[in-house]
>>> print(open('run03.txt').read())   # compact mmCIF, C-alpha atoms
# COMPACT_ATOMS: atom_id res chain seq x y z
CA MET A 1 139.46 89.22 97.07
CA ILE A 2 137.34 86.46 98.60
CA SER A 3 135.98 88.80 101.27
CA THR A 4 134.99 91.35 98.60
CA VAL A 5 133.18 88.66 96.61
CA ALA A 6 131.45 87.45 99.80
CA VAL A 7 130.31 90.99 100.70
CA VAL A 8 128.99 91.79 97.23
CA GLY A 9 127.48 88.28 96.91
CA TYR A 10 125.65 88.59 100.22
CA LEU A 11 124.23 92.00 99.33
CA ALA A 12 123.15 90.78 95.87
CA LEU A 13 121.47 87.65 97.26
CA TRP A 14 119.81 89.72 100.00
CA LEU A 15 118.32 91.99 97.32
CA VAL A 16 117.24 89.05 95.11
CA LEU A 17 115.43 87.45 98.08
CA ARG A 18 113.53 90.70 98.68
CA LEU A 19 112.53 91.02 95.03
CA MET A 20 111.39 87.38 94.88
CA ALA A 21 109.35 87.79 98.07
CA LEU A 22 107.68 90.92 96.69
CA ARG A 23 106.67 89.01 93.56
CA MET A 24 105.06 86.27 95.69
CA SER A 25 103.20 88.64 98.02
CA LYS A 26 99.57 89.66 97.72
CA PRO A 27 99.23 92.90 95.75
CA ALA A 28 96.20 94.41 97.47
CA HIS A 29 96.55 96.15 100.79
CA VAL A 30 93.98 97.21 103.32
CA MET A 31 96.02 99.50 105.59
CA ARG A 32 99.45 101.05 105.25
CA GLY A 33 101.75 102.09 108.04
CA SER A 34 103.75 105.23 108.50
CA PRO A 35 105.59 106.44 105.37
CA TRP A 36 108.67 107.28 107.46
CA PHE A 37 109.07 103.57 108.20
CA THR A 38 109.35 102.73 104.50
CA ARG A 39 111.80 105.56 103.96
CA LEU A 40 113.87 104.38 106.93
CA VAL A 41 114.02 100.81 105.59
CA LEU A 42 114.97 101.92 102.08
CA ALA A 43 117.55 104.43 103.37
CA TYR A 44 119.00 101.75 105.64
CA CYS A 45 119.31 99.30 102.74
CA PHE A 46 121.03 101.92 100.58
CA VAL A 47 123.47 103.08 103.27
CA PHE A 48 124.14 99.49 104.35
CA SER A 49 125.05 98.42 100.80
CA ILE A 50 127.15 101.44 99.86
CA GLY A 51 128.87 101.57 103.24
CA PHE A 52 129.96 97.96 103.17
CA VAL A 53 131.24 98.05 99.62
CA ALA A 54 133.11 101.32 100.32
CA ALA A 55 134.59 100.12 103.61
CA ASN A 56 135.64 96.84 102.01
CA THR A 57 137.26 98.70 99.12
CA TRP A 58 139.09 101.13 101.45
CA SER A 59 140.34 98.25 103.57
CA GLY A 60 141.94 96.63 100.54
CA GLY A 61 139.48 93.74 100.58
CA GLY A 62 140.21 92.72 104.15
CA ASN A 63 142.98 90.52 105.56
CA TRP A 64 141.39 87.14 104.90
CA GLN A 65 144.71 85.60 103.84
CA GLU A 66 146.10 86.08 107.35
CA ASN A 67 143.19 84.41 109.10
CA PRO A 68 141.24 81.61 107.38
CA VAL A 69 139.25 81.05 110.61
CA ARG A 70 137.79 84.55 110.30
CA LEU A 71 136.94 83.86 106.65
CA ALA A 72 135.16 80.61 107.59
CA MET A 73 133.27 82.28 110.46
CA GLY A 74 132.17 85.22 108.34
CA ILE A 75 131.01 83.09 105.41
CA SER A 76 129.19 80.73 107.81
CA MET A 77 127.32 83.62 109.43
CA VAL A 78 126.44 85.18 106.08
CA THR A 79 125.20 81.80 104.81
CA LEU A 80 123.14 81.24 107.98
CA ALA A 81 121.64 84.71 107.57
CA LEU A 82 120.68 84.11 103.92
CA VAL A 83 119.13 80.70 104.65
CA THR A 84 117.20 82.08 107.64
CA ASP A 85 116.08 85.04 105.56
CA ALA A 86 114.88 82.81 102.71
CA VAL A 87 112.94 80.49 105.05
CA CYS A 88 111.32 83.47 106.80
CA LEU A 89 110.39 85.16 103.53
CA LEU A 90 108.81 81.92 102.30
CA SER A 91 106.83 81.65 105.55
CA LEU A 92 105.70 85.25 105.23
CA ARG A 93 105.24 84.96 101.46
CA PRO A 94 101.70 86.30 100.93
CA PHE A 95 102.10 89.11 103.46
CA TYR A 96 105.65 90.35 102.75
CA SER A 97 106.12 93.97 101.78
CA LEU A 98 108.86 96.56 101.95
CA GLU A 99 106.24 98.81 103.45
CA MET A 100 104.48 98.24 106.71
CA GLU A 101 101.02 97.21 105.57
CA ILE A 102 98.13 94.88 106.28
CA LYS A 103 97.14 92.78 103.29
CA GLN A 104 93.73 91.37 102.51
CA ASP A 105 93.07 88.29 104.72
CA HIS A 106 96.21 89.13 106.71
CA ALA A 107 97.13 86.60 109.40
CA VAL A 108 99.86 86.32 112.00
CA ILE A 109 102.55 83.84 110.95
CA LYS A 110 103.39 81.56 113.89
CA SER A 111 105.41 78.78 112.28
CA GLY A 112 109.08 78.27 111.47
CA PHE A 113 111.43 80.88 112.88
CA TYR A 114 108.40 82.96 113.85
CA ARG A 115 107.91 80.48 116.72
CA LEU A 116 111.21 81.65 118.23
CA VAL A 117 111.24 85.42 117.70
CA ARG A 118 108.65 87.83 116.36
CA HIS A 119 111.00 89.48 113.85
CA PRO A 120 113.37 86.76 112.56
CA ILE A 121 114.10 88.59 109.30
CA TYR A 122 115.60 91.47 111.26
CA LEU A 123 117.57 88.95 113.33
CA SER A 124 118.92 87.33 110.16
CA ASN A 125 119.97 90.77 108.90
CA ILE A 126 121.87 91.37 112.15
CA ILE A 127 123.61 87.98 111.82
CA GLY A 128 124.51 88.76 108.20
CA PHE A 129 125.81 92.20 109.15
CA LEU A 130 128.03 90.71 111.87
CA GLY A 131 129.25 88.08 109.40
CA LEU A 132 130.23 90.87 107.02
CA CYS A 133 132.01 92.68 109.87
CA ILE A 134 134.03 89.53 110.55
CA LEU A 135 134.81 89.09 106.86
CA MET A 136 135.89 92.68 106.37
CA ASN A 137 137.69 93.15 109.67
CA HIS A 138 137.39 96.90 109.23
CA TRP A 139 136.93 99.34 112.11
CA ALA A 140 134.12 101.23 110.30
CA ALA A 141 132.00 98.08 110.13
CA TRP A 142 132.44 97.39 113.84
CA VAL A 143 131.61 101.01 114.74
CA ALA A 144 128.40 100.73 112.69
CA SER A 145 127.29 97.49 114.40
CA PRO A 146 125.54 99.03 117.43
CA ALA A 147 123.72 101.51 115.19
CA GLN A 148 122.54 98.65 113.01
CA VAL A 149 121.12 96.70 115.97
CA ILE A 150 119.44 99.85 117.32
CA GLY A 151 117.98 100.56 113.87
CA PHE A 152 116.45 97.09 113.64
CA PHE A 153 115.10 97.41 117.17
CA LEU A 154 113.39 100.70 116.28
CA MET A 155 111.93 99.23 113.09
CA ALA A 156 110.68 96.14 114.97
CA ARG A 157 109.12 98.28 117.69
CA GLU A 158 107.31 100.45 115.13
CA GLU A 159 106.10 97.32 113.32
CA GLU A 160 104.87 95.86 116.62
CA LEU A 161 102.76 98.96 117.34
CA PHE A 162 101.33 98.87 113.82
CA LEU A 163 100.44 95.16 114.05
CA ILE A 164 98.85 95.56 117.47
CA SER A 165 96.71 98.45 116.24
CA HIS A 166 95.52 96.55 113.14
CA LEU A 167 95.51 92.87 114.13
CA GLY A 168 94.51 93.44 117.75
CA LYS A 169 94.05 90.45 120.02
CA GLU A 170 95.49 87.97 117.49
CA TYR A 171 98.83 89.76 117.57
CA GLU A 172 98.64 90.27 121.35
CA ARG A 173 98.23 86.49 121.80
CA TYR A 174 101.21 85.92 119.49
CA ARG A 175 103.29 88.36 121.56
CA ALA A 176 102.35 86.46 124.71
CA ASP A 177 103.29 83.13 123.10
CA VAL A 178 106.57 84.37 121.55
CA ARG A 179 108.38 86.31 124.23
CA TRP A 180 111.37 87.59 122.25
CA MET A 181 110.93 90.38 119.75
CA LEU A 182 114.34 90.32 118.07
CA ILE A 183 117.11 88.38 119.83
CA PRO A 184 116.26 85.20 121.80
CA GLY A 185 117.13 85.50 125.47
CA ILE A 186 118.00 89.20 125.23
CA LEU A 187 115.41 91.37 123.48
>>> encode(input="run03.txt", output="structure tokens")
Amino acid sequence: MISTVAVVGYLALWLVLRLMALRMSKPAHVMRGSPWFTRLVLAYCFVFSIGFVAANTWSGGGNWQENPVRLAMGISMVTLALVTDAVCLLSLRPFYSLEMEIKQDHAVIKSGFYRLVRHPIYLSNIIGFLGLCILMNHWAAWVASPAQVIGFFLMAREEELFLISHLGKEYERYRADVRWMLIPGIL
């Protein structure tokens, strides 16, 4: 029961953070990215949400009673992911969008978690996903983990190309200053 509440709670808070960030962002855009990117992000969010709820339901809510350490680890990772996500969305506030786009007066954010990796929101999503895998302890979640990391890598790479083409040297300097795209020390 607790793992089911944690899974649904994480997904609900994740969605609320996105909606709040959209309300705080600048409405006008100058340049939009590829429409397939937006469709990929929205499809990912839908499949991610439905898949986790279904897998958690099929697994009988997980075996959290047998292992309180797993419950603590999973909830800690999910909490870390939500806090990181919230801080990043606040940093990105005027420029956040579900679509890849350049807003009026767009600037590269270089503070907060953006000092460590260029796509910390994607990193927080990976951490949250792994926290949910630990909470659920279901084989389907663990099988989906590599696909999730690859999906975020592909989205980050597409976003990088878009930002380079539209922000030019400013984004190139940022890339030189912040070596890691997604996962510190690895990628």
>>> closest_residue(input="run03.txt", among="A:Leu132, A:Gly185, A:Leu92, A:Trp142", to="Arg70 of chain A", atoms="only C-alpha atoms")
A:Leu132
>>> residues_around(input="run03.txt", residues="Ser124 of chain A", least_positions_apart="6", cutoff="7 Å", atoms="only C-alpha atoms", output="MDAnalysis selection string")
chainID A and resid 81 84:85
>>> atom_distance(input="run03.txt", atom1="atom CA of Val69 of chain A", atom2="atom CA of Val8 of chain A")
20.0 Å
>>> closest_residue(input="run03.txt", among="A:Phe129, A:Met136, A:Ala141, A:Ala107", to="Lys169 of chain A", atoms="all atoms listed in the file")
A:Ala107
>>> atom_distance(input="run03.txt", atom1="atom CA of Ala6 of chain A", atom2="atom CA of Arg93 of chain A")
26.4 Å
>>> atom_distance(input="run03.txt", atom1="atom CA of Ser97 of chain A", atom2="atom CA of Glu159 of chain A")
12.0 Å
>>> closest_residue(input="run03.txt", among="A:Val5, A:Ile126, A:Ile109, A:Ile102", to="Ile75 of chain A", atoms="all atoms listed in the file")
A:Val5
>>> closest_residue(input="run03.txt", among="A:Leu82, A:Ile183, A:Arg173, A:His166", to="Gln104 of chain A", atoms="all atoms listed in the file")
A:His166
>>> residues_around(input="run03.txt", residues="Ser91 of chain A", least_positions_apart="6", cutoff="12 Å", atoms="all atoms listed in the file", output="compact mmCIF listing (two decimals) with C-alpha atoms, keeping the file's coordinate frame")
# COMPACT_ATOMS: atom_id res chain seq x y z
CA ALA A 21 109.35 87.79 98.07
CA MET A 24 105.06 86.27 95.69
CA SER A 25 103.20 88.64 98.02
CA THR A 84 117.20 82.08 107.64
CA ASP A 85 116.08 85.04 105.56
CA ALA A 107 97.13 86.60 109.40
CA VAL A 108 99.86 86.32 112.00
CA ILE A 109 102.55 83.84 110.95
CA LYS A 110 103.39 81.56 113.89
CA SER A 111 105.41 78.78 112.28
CA GLY A 112 109.08 78.27 111.47
CA PHE A 113 111.43 80.88 112.88
CA TYR A 114 108.40 82.96 113.85
CA ARG A 115 107.91 80.48 116.72
CA PRO A 120 113.37 86.76 112.56
CA ILE A 121 114.10 88.59 109.30
>>> closest_residue(input="run03.txt", among="A:Phe162, A:Trp180, A:Tyr174, A:Trp14", to="Met100 of chain A", atoms="all atoms listed in the file")
A:Phe162
>>> closest_residue(input="run03.txt", among="A:Leu130, A:Ile150, A:Leu19, A:Ala144", to="Leu89 of chain A", atoms="all atoms listed in the file")
A:Leu19
